[in-house]
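Here is query-v2.txt, consisting of compact mmCIF, C-alpha atoms:
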# COMPACT_ATOMS: atom_id res chain seq x y z
CA MET A 1 0.00 0.00 0.00
CA ASN A 2 1.16 3.54 -0.80
CA SER A 3 2.21 4.91 2.61
CA ARG A 4 1.18 8.40 1.49
CA LEU A 5 -2.48 7.35 1.09
CA TYR A 6 -5.07 8.52 3.62
CA THR A 7 -8.76 7.68 3.81
CA PHE A 8 -11.50 9.69 5.51
CA LEU A 9 -14.70 7.87 6.42
CA GLY A 10 -17.85 9.79 7.27
CA GLY A 11 -20.45 7.87 9.25
CA LEU A 12 -21.18 6.90 12.83
CA GLN A 13 -17.63 5.94 13.91
CA GLY A 14 -14.25 7.56 14.41
CA ASP A 15 -12.36 9.77 16.84
CA TRP A 16 -13.71 13.02 15.45
CA SER A 17 -17.29 14.28 15.78
CA ILE A 18 -18.70 16.55 13.09
CA THR A 19 -19.80 19.86 14.57
CA SER A 20 -20.84 21.42 11.25
CA SER A 21 -20.86 20.64 7.55
CA ARG A 22 -21.36 23.48 5.12
CA THR A 23 -21.55 23.05 1.34
CA LEU A 24 -20.03 26.12 -0.32
CA ALA A 25 -20.21 24.92 -3.93
CA GLY A 26 -21.58 21.92 -5.78
CA GLU A 27 -23.38 18.92 -4.35
CA PRO A 28 -23.40 18.21 -0.59
CA LEU A 29 -22.14 14.93 0.89
CA PRO A 30 -24.59 12.59 2.67
CA ALA A 31 -25.06 13.34 6.35
CA ALA A 32 -22.62 11.85 8.88
CA SER A 33 -21.98 12.46 12.56
CA ARG A 34 -18.37 11.28 12.94
CA VAL A 35 -15.19 10.98 10.89
CA GLN A 36 -12.55 8.26 10.99
CA ILE A 37 -9.11 9.11 9.58
CA LEU A 38 -7.03 6.17 8.39
CA GLN A 39 -3.63 5.80 6.82
CA GLY A 40 -4.03 3.52 3.82
CA ASN A 41 -7.10 1.74 2.49
CA PRO A 42 -10.01 1.13 4.85
CA GLY A 43 -10.63 -2.51 3.85
CA ALA A 44 -14.20 -3.46 4.82
CA LEU A 45 -16.22 -0.33 5.53
CA PRO A 46 -17.87 0.09 8.94
CA PRO A 47 -21.70 -0.14 8.92
CA ALA A 48 -23.50 3.09 7.99
CA THR A 49 -20.53 4.64 6.23
CA ALA A 50 -22.00 7.69 4.48
CA TRP A 51 -18.97 8.71 2.43
CA VAL A 52 -15.35 7.74 1.73
CA LEU A 53 -12.70 10.23 0.62
CA SER A 54 -9.18 9.12 -0.29
CA GLY A 55 -6.06 10.98 -1.32
CA THR A 56 -2.27 10.84 -1.23
CA THR A 57 0.20 13.37 0.01
CA SER A 58 2.63 14.25 -2.78
CA ASN A 59 5.34 16.62 -3.95
CA GLU A 60 4.37 20.31 -3.97
CA ARG A 61 3.10 21.55 -7.32
CA TYR A 62 3.60 25.34 -7.04
CA VAL A 63 5.97 26.20 -4.20
CA THR A 64 9.33 27.81 -5.04
CA ARG A 65 12.50 27.22 -3.04
CA PRO A 66 12.35 30.55 -1.12
CA GLU A 67 8.70 29.85 -0.25
CA LYS A 68 9.52 26.29 0.79
CA ILE A 69 12.28 27.46 3.13
CA VAL A 70 9.87 29.79 4.93
CA LEU A 71 7.08 27.18 5.02
CA VAL A 72 9.33 24.46 6.44
CA SER A 73 10.68 26.82 9.09
CA ARG A 74 7.19 27.71 10.31
CA GLN A 75 4.81 24.82 9.74
CA ALA A 76 3.66 22.33 12.39
CA ASN A 77 2.56 18.74 12.04
CA LEU A 78 -1.00 17.62 12.61
CA GLY A 79 -1.84 15.97 15.92
CA ARG A 80 -0.56 18.43 18.54
CA PRO A 81 -2.23 17.77 21.91
CA ALA A 82 -3.82 21.24 21.98
CA ALA A 83 -5.26 20.87 18.48
CA ALA A 84 -8.71 19.59 19.43
CA CYS A 85 -10.38 21.31 16.45
CA ALA A 86 -10.04 20.20 12.86
CA ALA A 87 -11.48 21.05 9.47
CA LEU A 88 -11.75 18.60 6.60
CA ILE A 89 -12.23 20.56 3.39
CA PRO A 90 -12.61 18.61 0.14
CA ILE A 91 -12.57 20.73 -3.02
CA ARG A 92 -12.85 20.11 -6.74
CA LYS A 93 -11.54 22.48 -9.38
CA SER A 94 -13.18 23.01 -12.75
CA PRO A 95 -12.00 21.59 -16.08
CA ALA A 96 -10.99 25.19 -16.96
CA TRP A 97 -8.41 25.07 -14.14
CA TRP A 98 -6.97 21.75 -15.26
CA ASN A 99 -6.71 22.96 -18.84
CA LEU A 100 -4.49 25.85 -17.80
CA SER A 101 -0.75 25.50 -18.31
CA GLN A 102 1.56 25.25 -15.29
CA ASP A 103 2.69 28.91 -15.51
CA GLU A 104 -0.93 30.10 -15.73
CA ARG A 105 -1.95 28.02 -12.69
CA ARG A 106 1.05 29.26 -10.71
CA ALA A 107 0.29 32.89 -11.61
CA ILE A 108 -3.29 32.58 -10.42
CA PHE A 109 -2.36 30.50 -7.35
CA GLU A 110 0.33 32.74 -5.93
CA GLU A 111 1.12 35.90 -7.90
CA ARG A 112 -2.57 36.90 -8.07
CA SER A 113 -4.27 34.93 -5.26
CA HIS A 114 -1.39 34.78 -2.73
CA HIS A 115 -2.43 31.32 -1.58
CA ILE A 116 0.94 30.57 0.04
CA ALA A 117 1.33 34.07 1.51
CA ILE A 118 -2.15 33.94 3.07
CA GLY A 119 -1.52 30.49 4.56
CA LEU A 120 1.85 31.57 5.97
CA LYS A 121 0.24 34.20 8.19
CA TYR A 122 -1.56 31.45 10.10
CA LEU A 123 1.48 29.22 10.72
CA PRO A 124 2.26 27.47 12.95
CA ASN A 125 -1.10 27.80 14.74
CA VAL A 126 -2.95 26.10 11.90
CA ALA A 127 -1.40 22.78 10.79
CA ARG A 128 -2.33 21.35 7.42
CA ARG A 129 -1.98 18.21 5.32
CA LEU A 130 -2.95 18.25 1.63
CA HIS A 131 -4.12 15.06 -0.10
CA HIS A 132 -4.34 14.69 -3.89
CA CYS A 133 -7.30 12.66 -5.19
CA ARG A 134 -7.56 13.43 -8.89
CA ASP A 135 -5.08 10.87 -10.20
CA LEU A 136 -6.21 7.85 -8.19
CA ALA A 137 -7.36 4.78 -10.15
CA GLU A 138 -10.80 4.94 -8.54
CA PRO A 139 -12.59 8.14 -9.54
CA GLN A 140 -12.98 10.54 -6.64
CA PRO A 141 -15.65 13.14 -5.96
CA PHE A 142 -13.02 15.82 -5.23
CA ASP A 143 -9.57 16.78 -6.53
CA PHE A 144 -8.10 17.58 -3.10
CA VAL A 145 -8.86 16.96 0.54
CA THR A 146 -7.13 19.18 3.06
CA LEU A 147 -7.11 18.36 6.76
CA PHE A 148 -6.33 21.23 9.12
CA ASP A 149 -6.04 21.19 12.90
CA PHE A 150 -5.75 23.96 15.49
CA ALA A 151 -6.52 24.83 19.09
CA PRO A 152 -10.06 26.06 19.89
CA SER A 153 -8.58 29.51 20.57
CA ASP A 154 -7.41 29.70 16.92
CA ALA A 155 -10.78 28.87 15.39
CA ALA A 156 -11.61 32.52 14.63
CA ALA A 157 -8.24 33.06 12.92
CA PHE A 158 -8.80 29.91 10.87
CA ASP A 159 -12.17 31.25 9.67
CA GLU A 160 -10.51 34.52 8.72
CA MET A 161 -7.94 32.63 6.62
CA LEU A 162 -10.71 30.82 4.74
CA VAL A 163 -12.53 34.10 4.04
CA GLU A 164 -9.33 35.47 2.53
CA LEU A 165 -8.66 32.37 0.41
CA ARG A 166 -12.24 32.09 -0.82
CA SER A 167 -12.24 35.68 -2.06
CA THR A 168 -9.33 35.05 -4.44
CA GLU A 169 -9.22 34.54 -8.20
CA GLU A 170 -8.06 30.95 -7.57
CA TRP A 171 -11.36 30.16 -5.85
CA LYS A 172 -13.33 31.07 -9.00
CA TYR A 173 -12.08 27.69 -10.27
CA VAL A 174 -13.43 25.77 -7.26
CA ASP A 175 -16.66 24.14 -8.40
CA ARG A 176 -17.30 21.89 -5.38
CA GLU A 177 -16.34 22.59 -1.78
CA ILE A 178 -17.57 21.33 1.58
CA ASP A 179 -16.32 22.67 4.89
CA ILE A 180 -16.59 19.98 7.57
CA ARG A 181 -15.65 20.99 11.12
CA LEU A 182 -14.51 18.38 13.62
CA LEU A 183 -13.94 18.11 17.34
CA ARG A 184 -11.65 15.44 18.75
CA ASP A 185 -12.97 13.11 21.40
CA THR A 186 -11.58 13.85 24.81
CA LEU A 187 -9.26 10.98 25.67
CA MET B 1 -13.24 3.82 -12.94
CA ASN B 2 -11.00 6.80 -13.70
CA SER B 3 -11.21 7.08 -17.51
CA ARG B 4 -7.64 8.44 -17.55
CA LEU B 5 -6.23 5.17 -16.10
CA TYR B 6 -4.26 2.82 -18.36
CA THR B 7 -2.79 -0.57 -17.54
CA PHE B 8 0.09 -2.32 -19.30
CA LEU B 9 0.37 -6.08 -18.87
CA GLY B 10 3.58 -7.91 -19.76
CA GLY B 11 3.25 -11.64 -20.38
CA LEU B 12 2.23 -13.99 -23.16
CA GLN B 13 -0.80 -12.07 -24.47
CA GLY B 14 -1.63 -8.77 -26.15
CA ASP B 15 -1.46 -7.06 -29.52
CA TRP B 16 2.15 -5.99 -29.17
CA SER B 17 5.19 -8.29 -29.25
CA ILE B 18 8.30 -7.28 -27.34
CA THR B 19 11.27 -7.00 -29.69
CA SER B 20 13.74 -5.84 -27.01
CA SER B 21 13.83 -4.91 -23.35
CA ARG B 22 16.81 -3.01 -22.05
CA THR B 23 17.30 -2.00 -18.41
CA LEU B 24 19.13 1.33 -18.29
CA ALA B 25 18.98 1.90 -14.52
CA GLY B 26 17.77 -0.04 -11.50
CA GLU B 27 16.20 -3.47 -11.39
CA PRO B 28 14.96 -5.18 -14.56
CA LEU B 29 11.37 -6.38 -14.97
CA PRO B 30 10.63 -10.12 -15.28
CA ALA B 31 10.81 -11.46 -18.84
CA ALA B 32 7.73 -11.20 -21.07
CA SER B 33 7.12 -11.71 -24.75
CA ARG B 34 3.99 -9.61 -25.35
CA VAL B 35 2.26 -6.53 -23.98
CA GLN B 36 -1.44 -5.86 -23.59
CA ILE B 37 -2.54 -2.22 -23.27
CA LEU B 38 -5.85 -1.63 -21.50
CA GLN B 39 -7.85 1.42 -20.56
CA GLY B 40 -8.84 1.03 -16.92
CA ASN B 41 -8.17 -1.78 -14.49
CA PRO B 42 -7.40 -5.23 -15.87
CA GLY B 43 -9.69 -7.20 -13.53
CA ALA B 44 -8.51 -10.83 -13.41
CA LEU B 45 -5.00 -11.10 -14.81
CA PRO B 46 -4.34 -13.42 -17.78
CA PRO B 47 -2.27 -16.52 -16.95
CA ALA B 48 1.51 -15.98 -16.93
CA THR B 49 1.32 -12.22 -16.45
CA ALA B 50 4.91 -11.22 -15.66
CA TRP B 51 4.30 -7.58 -14.74
CA VAL B 52 1.55 -4.98 -14.43
CA LEU B 53 2.15 -1.25 -14.80
CA SER B 54 -0.63 1.30 -14.24
CA GLY B 55 -0.81 5.05 -14.55
CA THR B 56 -3.18 7.93 -15.30
CA THR B 57 -2.87 10.70 -17.80
CA SER B 58 -3.09 14.06 -16.03
CA ASN B 59 -2.59 17.79 -16.35
CA GLU B 60 0.86 18.90 -17.46
CA ARG B 61 3.21 19.74 -14.62
CA TYR B 62 5.85 21.93 -16.33
CA VAL B 63 4.58 23.21 -19.69
CA THR B 64 4.04 26.96 -20.14
CA ARG B 65 1.31 28.41 -22.34
CA PRO B 66 3.66 29.28 -25.26
CA GLU B 67 5.09 25.75 -25.12
CA LYS B 68 1.62 24.24 -24.93
CA ILE B 69 0.47 26.14 -28.01
CA VAL B 70 3.38 24.77 -30.05
CA LEU B 71 2.96 21.23 -28.66
CA VAL B 72 -0.77 21.12 -29.39
CA SER B 73 -0.20 22.42 -32.93
CA ARG B 74 2.32 19.68 -33.71
CA GLN B 75 1.56 16.57 -31.69
CA ALA B 76 -0.22 13.47 -33.00
CA ASN B 77 -2.34 10.90 -31.18
CA LEU B 78 -1.22 7.33 -30.62
CA GLY B 79 -2.64 4.65 -32.90
CA ARG B 80 -1.96 5.96 -36.42
CA PRO B 81 -2.13 3.10 -38.95
CA ALA B 82 1.53 3.59 -39.97
CA ALA B 83 2.75 3.52 -36.35
CA ALA B 84 3.60 -0.19 -36.12
CA CYS B 85 6.49 0.45 -33.70
CA ALA B 86 6.10 1.45 -30.09
CA ALA B 87 8.25 1.97 -27.02
CA LEU B 88 7.03 1.56 -23.47
CA ILE B 89 9.45 3.34 -21.14
CA PRO B 90 8.76 3.22 -17.40
CA ILE B 91 11.00 5.46 -15.28
CA ARG B 92 11.37 6.26 -11.61
CA LYS B 93 12.96 9.43 -10.29
CA SER B 94 14.99 9.63 -7.10
CA PRO B 95 13.80 11.04 -3.77
CA ALA B 96 16.21 13.97 -4.46
CA TRP B 97 14.05 14.92 -7.47
CA TRP B 98 10.80 14.79 -5.53
CA ASN B 99 12.27 16.89 -2.74
CA LEU B 100 13.06 19.73 -5.15
CA SER B 101 10.67 22.66 -5.27
CA GLN B 102 8.54 23.27 -8.36
CA ASP B 103 10.78 26.07 -9.70
CA GLU B 104 13.88 23.91 -9.25
CA ARG B 105 12.30 20.97 -11.08
CA ARG B 106 11.11 23.22 -13.91
CA ALA B 107 14.60 24.78 -14.26
CA ILE B 108 16.23 21.37 -14.55
CA PHE B 109 13.47 19.96 -16.78
CA GLU B 110 13.38 22.70 -19.39
CA GLU B 111 15.77 25.61 -18.89
CA ARG B 112 18.75 23.29 -18.40
CA SER B 113 17.69 19.93 -19.92
CA HIS B 114 15.39 21.20 -22.73
CA HIS B 115 13.08 18.24 -22.33
CA ILE B 116 10.18 19.92 -24.18
CA ALA B 117 12.42 21.44 -26.86
CA ILE B 118 14.08 18.09 -27.59
CA GLY B 119 10.73 16.30 -27.82
CA LEU B 120 9.31 19.00 -30.13
CA LYS B 121 11.90 18.25 -32.80
CA TYR B 122 10.45 14.77 -33.22
CA LEU B 123 6.80 15.81 -33.55
CA PRO B 124 4.53 14.73 -35.12
CA ASN B 125 6.44 11.62 -36.22
CA VAL B 126 6.72 10.34 -32.67
CA ALA B 127 3.42 10.29 -30.76
CA ARG B 128 3.46 10.04 -26.98
CA ARG B 129 1.20 9.50 -24.00
CA LEU B 130 2.50 10.09 -20.45
CA HIS B 131 1.00 8.19 -17.51
CA HIS B 132 1.57 9.19 -13.87
CA CYS B 133 1.97 6.32 -11.39
CA ARG B 134 3.42 7.85 -8.24
CA ASP B 135 0.19 8.98 -6.59
CA LEU B 136 -1.89 5.84 -7.12
CA ALA B 137 -3.25 4.11 -4.00
CA GLU B 138 -1.40 0.89 -4.88
CA PRO B 139 2.36 1.47 -4.78
CA GLN B 140 3.92 1.31 -8.24
CA PRO B 141 7.42 0.28 -9.28
CA PHE B 142 7.83 3.43 -11.41
CA ASP B 143 6.79 7.09 -11.22
CA PHE B 144 5.91 7.43 -14.92
CA VAL B 145 5.17 5.19 -17.88
CA THR B 146 5.44 6.77 -21.32
CA LEU B 147 4.08 5.04 -24.40
CA PHE B 148 5.43 6.23 -27.75
CA ASP B 149 4.51 5.08 -31.24
CA PHE B 150 6.03 5.77 -34.65
CA ALA B 151 6.48 4.29 -38.11
CA PRO B 152 9.39 1.85 -38.62
CA SER B 153 11.09 4.51 -40.76
CA ASP B 154 11.23 6.83 -37.73
CA ALA B 155 12.87 4.31 -35.38
CA ALA B 156 16.36 5.78 -35.85
CA ALA B 157 15.13 9.31 -35.13
CA PHE B 158 13.37 8.03 -32.00
CA ASP B 159 16.63 6.49 -30.76
CA GLU B 160 18.39 9.79 -31.38
CA MET B 161 15.79 11.60 -29.27
CA LEU B 162 16.37 9.20 -26.37
CA VAL B 163 20.15 9.65 -26.57
CA GLU B 164 19.60 13.41 -26.30
CA LEU B 165 17.19 13.15 -23.36
CA ARG B 166 19.32 10.63 -21.47
CA SER B 167 22.37 12.89 -21.63
CA THR B 168 20.59 15.72 -19.77
CA GLU B 169 20.84 16.90 -16.17
CA GLU B 170 17.23 15.79 -15.66
CA TRP B 171 18.23 12.17 -16.32
CA LYS B 172 20.69 12.22 -13.40
CA TYR B 173 17.55 11.96 -11.26
CA VAL B 174 16.27 8.84 -13.06
CA ASP B 175 17.10 5.89 -10.82
CA ARG B 176 15.15 3.18 -12.66
CA GLU B 177 14.46 2.98 -16.39
CA ILE B 178 13.55 0.18 -18.75
CA ASP B 179 13.25 0.64 -22.51
CA ILE B 180 10.78 -1.90 -23.95
CA ARG B 181 10.35 -1.93 -27.71
CA LEU B 182 7.17 -3.25 -29.27
CA LEU B 183 5.93 -4.28 -32.68
CA ARG B 184 2.22 -4.34 -33.46
CA ASP B 185 0.67 -7.53 -34.77
CA THR B 186 -0.20 -7.29 -38.44
CA LEU B 187 -3.97 -7.23 -38.63
Serialized structure, structure tokens:
Amino acid sequence: MNSRLYTFLGGLQGDWSITSSRTLAGEPLPAASRVQILQGNPGALPPATAWVLSGTTSNERYVTRPEKIVLVSRQANLGRPAAACAALIPIRKSPAWWNLSQDERRAIFEERSHHIAIGLKYLPNVARRLHHCRDLAEPQPFDFVTLFDFAPSDAAAFDEMLVELRSTEEWKYVDREIDIRLLRDTL
Amino acid sequence: MNSRLYTFLGGLQGDWSITSSRTLAGEPLPAASRVQILQGNPGALPPATAWVLSGTTSNERYVTRPEKIVLVSRQANLGRPAAACAALIPIRKSPAWWNLSQDERRAIFEERSHHIAIGLKYLPNVARRLHHCRDLAEPQPFDFVTLFDFAPSDAAAFDEMLVELRSTEEWKYVDREIDIRLLRDTL
């Protein structure tokens, strides 16, 4: 199994309870109350699984070396003890996006939408892992799934970051997006 | 099933006979005499399948708009009646390549290795389809599989193109490569 593969199961099981699910574009997902996050393939699905999202972490597609140096120096890993809040945000981009050339996508992504620069302002408080879904053998309902986590005290800042990102030119190419908020079970 | 997924089966069956198989870097593949090319997943494997390679076509990762315009104006699709010769070339790149940032990979790929410019010289005589393997859920032995086809009269030019590409800085990052030549069955 590809060790970079992660699977997200929405249903009645898992360590994370869904506190809200908001469809910003495109079709909603079926209702679920909890999310299970697995590394690898799930095998047999638990009863009452409402949805399954899979994706792999991969090499960065847009980041330059100077940007990478700053990102690496500031970013945190998921799973910090204080990070009891999470957001699972699957998005799909339009065919128009995928038909752009690499330089056009980069120009929209960073020179005009400042995706990296906006994200940087919220590091290390917000941790993030990006999963690519579009090139899996099984067709996926989204192109990307991003999992974020943060302390409850950073929830307002996280919302502010999303408002900034969603107002950009890049987001005009997002044709499906669901914002699922999660709270970790107290251990 | 992802309609961009292709599977290549090496064994005793298929429309293409293997005329040579040369390992240029890394481990060889098990011996096979024929190749079957399928769109999608193979399902049950034919008896005596020696190897299975899968990959999806995807958006371009390095091409700029001016390059894309020239490529699109010149390139041909696979499967022309005269194209009785093919080459199936799976390659893997090293972790050092994948750890580079996007701008560093682009600089090596085109500004310093002229990958696109070299390929352009052989269009439309050589047709090509690139398949990405690295981000599939099932781990793959290669990062890319490229399928080329051309008329027998263009075989020498095709070899020349490979000599040029393999002498580049980009190819220093190729840590596994097998060059499998195919001849189509006469119908």
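Atom CA of Leu147 of chain B is positioned 18.7 Å from atom CA of Ala31 of chain B.
Distances to Ala25 of chain B were evaluated for B:Ala155, B:Cys133, B:Ala96, B:Ile89 using only C-alpha atoms, and the minimum falls at B:Ile89.
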Expressed in Å to a single decimal, how great is the separation between atom CA of Ser153 of chain A and atom CA of Arg181 of chain A?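 Atom-to-atom, atom CA of Ser153 of chain A to atom CA of Arg181 of chain A, that is 14.6 Å.
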May I ask you to extract the residues of chain A within 10 Å of chain B, using all atoms listed in the file, and to give them as a PyMOL selection string? chain A and resi 1-6+40-41+54-69+97-106+131-140
Chain fit of chain B to chain A, all Cα atoms, as a short mmCIF file (atom, residue, chain, number, x, y, z; two decimals) with C-alpha atoms, in the frame of the given file:
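Result file out_30.cif:
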data_model
loop_
_atom_site.label_atom_id
_atom_site.label_comp_id
_atom_site.auth_asym_id
_atom_site.auth_seq_id
_atom_site.Cartn_x
_atom_site.Cartn_y
_atom_site.Cartn_z
CA MET B 1 0.00 0.02 -0.01
CA ASN B 2 1.16 3.55 -0.81
CA SER B 3 2.22 4.90 2.61
CA ARG B 4 1.19 8.41 1.48
CA LEU B 5 -2.48 7.34 1.07
CA TYR B 6 -5.06 8.52 3.61
CA THR B 7 -8.75 7.68 3.81
CA PHE B 8 -11.49 9.69 5.51
CA LEU B 9 -14.69 7.87 6.42
CA GLY B 10 -17.85 9.79 7.28
CA GLY B 11 -20.47 7.87 9.26
CA LEU B 12 -21.19 6.89 12.84
CA GLN B 13 -17.64 5.95 13.91
CA GLY B 14 -14.25 7.57 14.41
CA ASP B 15 -12.37 9.78 16.84
CA TRP B 16 -13.72 13.02 15.46
CA SER B 17 -17.31 14.28 15.79
CA ILE B 18 -18.71 16.54 13.09
CA THR B 19 -19.80 19.87 14.58
CA SER B 20 -20.85 21.42 11.25
CA SER B 21 -20.86 20.64 7.55
CA ARG B 22 -21.37 23.47 5.12
CA THR B 23 -21.55 23.05 1.33
CA LEU B 24 -20.04 26.12 -0.32
CA ALA B 25 -20.21 24.93 -3.94
CA GLY B 26 -21.59 21.91 -5.77
CA GLU B 27 -23.38 18.91 -4.34
CA PRO B 28 -23.40 18.22 -0.59
CA LEU B 29 -22.14 14.95 0.89
CA PRO B 30 -24.59 12.59 2.66
CA ALA B 31 -25.07 13.35 6.36
CA ALA B 32 -22.63 11.86 8.89
CA SER B 33 -21.98 12.45 12.55
CA ARG B 34 -18.37 11.27 12.93
CA VAL B 35 -15.19 10.97 10.89
CA GLN B 36 -12.56 8.26 10.99
CA ILE B 37 -9.11 9.11 9.59
CA LEU B 38 -7.03 6.17 8.39
CA GLN B 39 -3.63 5.79 6.80
CA GLY B 40 -4.04 3.51 3.81
CA ASN B 41 -7.10 1.74 2.47
CA PRO B 42 -10.00 1.11 4.83
CA GLY B 43 -10.64 -2.52 3.84
CA ALA B 44 -14.21 -3.47 4.82
CA LEU B 45 -16.23 -0.34 5.53
CA PRO B 46 -17.88 0.08 8.96
CA PRO B 47 -21.69 -0.15 8.93
CA ALA B 48 -23.50 3.08 8.00
CA THR B 49 -20.52 4.65 6.24
CA ALA B 50 -22.00 7.69 4.48
CA TRP B 51 -18.96 8.71 2.44
CA VAL B 52 -15.35 7.74 1.74
CA LEU B 53 -12.71 10.23 0.62
CA SER B 54 -9.17 9.12 -0.29
CA GLY B 55 -6.06 10.98 -1.32
CA THR B 56 -2.26 10.84 -1.23
CA THR B 57 0.20 13.38 0.00
CA SER B 58 2.63 14.26 -2.79
CA ASN B 59 5.33 16.64 -3.94
CA GLU B 60 4.38 20.31 -3.97
CA ARG B 61 3.11 21.56 -7.32
CA TYR B 62 3.60 25.35 -7.04
CA VAL B 63 5.99 26.21 -4.19
CA THR B 64 9.33 27.83 -5.03
CA ARG B 65 12.50 27.21 -3.03
CA PRO B 66 12.35 30.55 -1.12
CA GLU B 67 8.70 29.84 -0.25
CA LYS B 68 9.53 26.29 0.78
CA ILE B 69 12.28 27.45 3.12
CA VAL B 70 9.87 29.79 4.93
CA LEU B 71 7.08 27.17 5.02
CA VAL B 72 9.33 24.45 6.43
CA SER B 73 10.68 26.83 9.09
CA ARG B 74 7.19 27.71 10.31
CA GLN B 75 4.81 24.82 9.73
CA ALA B 76 3.68 22.34 12.38
CA ASN B 77 2.57 18.72 12.05
CA LEU B 78 -1.00 17.60 12.61
CA GLY B 79 -1.84 15.96 15.93
CA ARG B 80 -0.55 18.43 18.54
CA PRO B 81 -2.22 17.77 21.92
CA ALA B 82 -3.80 21.25 21.98
CA ALA B 83 -5.26 20.87 18.47
CA ALA B 84 -8.72 19.59 19.44
CA CYS B 85 -10.37 21.31 16.45
CA ALA B 86 -10.04 20.20 12.87
CA ALA B 87 -11.48 21.04 9.47
CA LEU B 88 -11.75 18.60 6.61
CA ILE B 89 -12.22 20.56 3.38
CA PRO B 90 -12.61 18.60 0.14
CA ILE B 91 -12.57 20.73 -3.03
CA ARG B 92 -12.85 20.09 -6.74
CA LYS B 93 -11.55 22.46 -9.39
CA SER B 94 -13.19 23.01 -12.76
CA PRO B 95 -12.01 21.58 -16.08
CA ALA B 96 -11.00 25.20 -16.96
CA TRP B 97 -8.41 25.06 -14.15
CA TRP B 98 -6.96 21.75 -15.26
CA ASN B 99 -6.71 22.95 -18.85
CA LEU B 100 -4.49 25.87 -17.82
CA SER B 101 -0.75 25.51 -18.31
CA GLN B 102 1.56 25.26 -15.31
CA ASP B 103 2.69 28.91 -15.52
CA GLU B 104 -0.92 30.10 -15.74
CA ARG B 105 -1.95 28.04 -12.71
CA ARG B 106 1.05 29.25 -10.71
CA ALA B 107 0.29 32.91 -11.61
CA ILE B 108 -3.30 32.57 -10.42
CA PHE B 109 -2.36 30.50 -7.36
CA GLU B 110 0.34 32.75 -5.94
CA GLU B 111 1.12 35.91 -7.90
CA ARG B 112 -2.55 36.91 -8.07
CA SER B 113 -4.28 34.93 -5.27
CA HIS B 114 -1.39 34.78 -2.73
CA HIS B 115 -2.43 31.33 -1.59
CA ILE B 116 0.95 30.57 0.04
CA ALA B 117 1.32 34.06 1.52
CA ILE B 118 -2.15 33.94 3.08
CA GLY B 119 -1.53 30.49 4.57
CA LEU B 120 1.86 31.57 5.97
CA LYS B 121 0.24 34.19 8.19
CA TYR B 122 -1.55 31.45 10.10
CA LEU B 123 1.48 29.23 10.72
CA PRO B 124 2.26 27.47 12.97
CA ASN B 125 -1.10 27.80 14.74
CA VAL B 126 -2.94 26.09 11.90
CA ALA B 127 -1.39 22.79 10.80
CA ARG B 128 -2.32 21.33 7.43
CA ARG B 129 -1.97 18.21 5.33
CA LEU B 130 -2.95 18.25 1.63
CA HIS B 131 -4.11 15.05 -0.09
CA HIS B 132 -4.34 14.69 -3.89
CA CYS B 133 -7.30 12.66 -5.19
CA ARG B 134 -7.55 13.44 -8.89
CA ASP B 135 -5.07 10.87 -10.20
CA LEU B 136 -6.21 7.85 -8.19
CA ALA B 137 -7.35 4.79 -10.16
CA GLU B 138 -10.81 4.94 -8.54
CA PRO B 139 -12.59 8.14 -9.55
CA GLN B 140 -12.98 10.54 -6.63
CA PRO B 141 -15.66 13.14 -5.97
CA PHE B 142 -13.02 15.82 -5.23
CA ASP B 143 -9.57 16.77 -6.53
CA PHE B 144 -8.09 17.59 -3.11
CA VAL B 145 -8.85 16.95 0.54
CA THR B 146 -7.12 19.20 3.06
CA LEU B 147 -7.10 18.37 6.76
CA PHE B 148 -6.33 21.24 9.13
CA ASP B 149 -6.03 21.20 12.91
CA PHE B 150 -5.75 23.97 15.49
CA ALA B 151 -6.52 24.82 19.10
CA PRO B 152 -10.06 26.06 19.90
CA SER B 153 -8.57 29.51 20.57
CA ASP B 154 -7.40 29.69 16.94
CA ALA B 155 -10.79 28.87 15.39
CA ALA B 156 -11.60 32.52 14.63
CA ALA B 157 -8.24 33.07 12.94
CA PHE B 158 -8.80 29.91 10.87
CA ASP B 159 -12.16 31.25 9.68
CA GLU B 160 -10.49 34.52 8.72
CA MET B 161 -7.94 32.62 6.63
CA LEU B 162 -10.71 30.82 4.74
CA VAL B 163 -12.55 34.09 4.05
CA GLU B 164 -9.32 35.45 2.55
CA LEU B 165 -8.66 32.37 0.41
CA ARG B 166 -12.25 32.09 -0.81
CA SER B 167 -12.24 35.68 -2.05
CA THR B 168 -9.32 35.04 -4.44
CA GLU B 169 -9.22 34.53 -8.20
CA GLU B 170 -8.06 30.95 -7.58
CA TRP B 171 -11.37 30.15 -5.86
CA LYS B 172 -13.33 31.06 -9.01
CA TYR B 173 -12.09 27.69 -10.28
CA VAL B 174 -13.44 25.76 -7.27
CA ASP B 175 -16.67 24.12 -8.41
CA ARG B 176 -17.30 21.89 -5.38
CA GLU B 177 -16.35 22.59 -1.77
CA ILE B 178 -17.57 21.32 1.56
CA ASP B 179 -16.32 22.67 4.89
CA ILE B 180 -16.59 19.98 7.59
CA ARG B 181 -15.65 20.98 11.11
CA LEU B 182 -14.51 18.38 13.61
CA LEU B 183 -13.95 18.12 17.33
CA ARG B 184 -11.66 15.46 18.77
CA ASP B 185 -13.01 13.11 21.41
CA THR B 186 -11.61 13.87 24.84
CA LEU B 187 -9.31 11.01 25.70
#
Pick out the closest residue to Trp16 of chain A from this set: A:Ile118, A:Leu29, A:Leu88, A:Leu53. Count all atoms listed in the file. A:Leu88
Can you pull out the residues contacting Ser167 of chain B? Cut-off 12 Å, using only C-alpha atoms, and skip same-chain residues under 6 positions away; I want them as a list in words.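 After dropping sequence-adjacent residues, the list is Arg112, Ser113, His114, His115, Ile118, Glu160, Met161, Tyr173 and Val174 of chain B.
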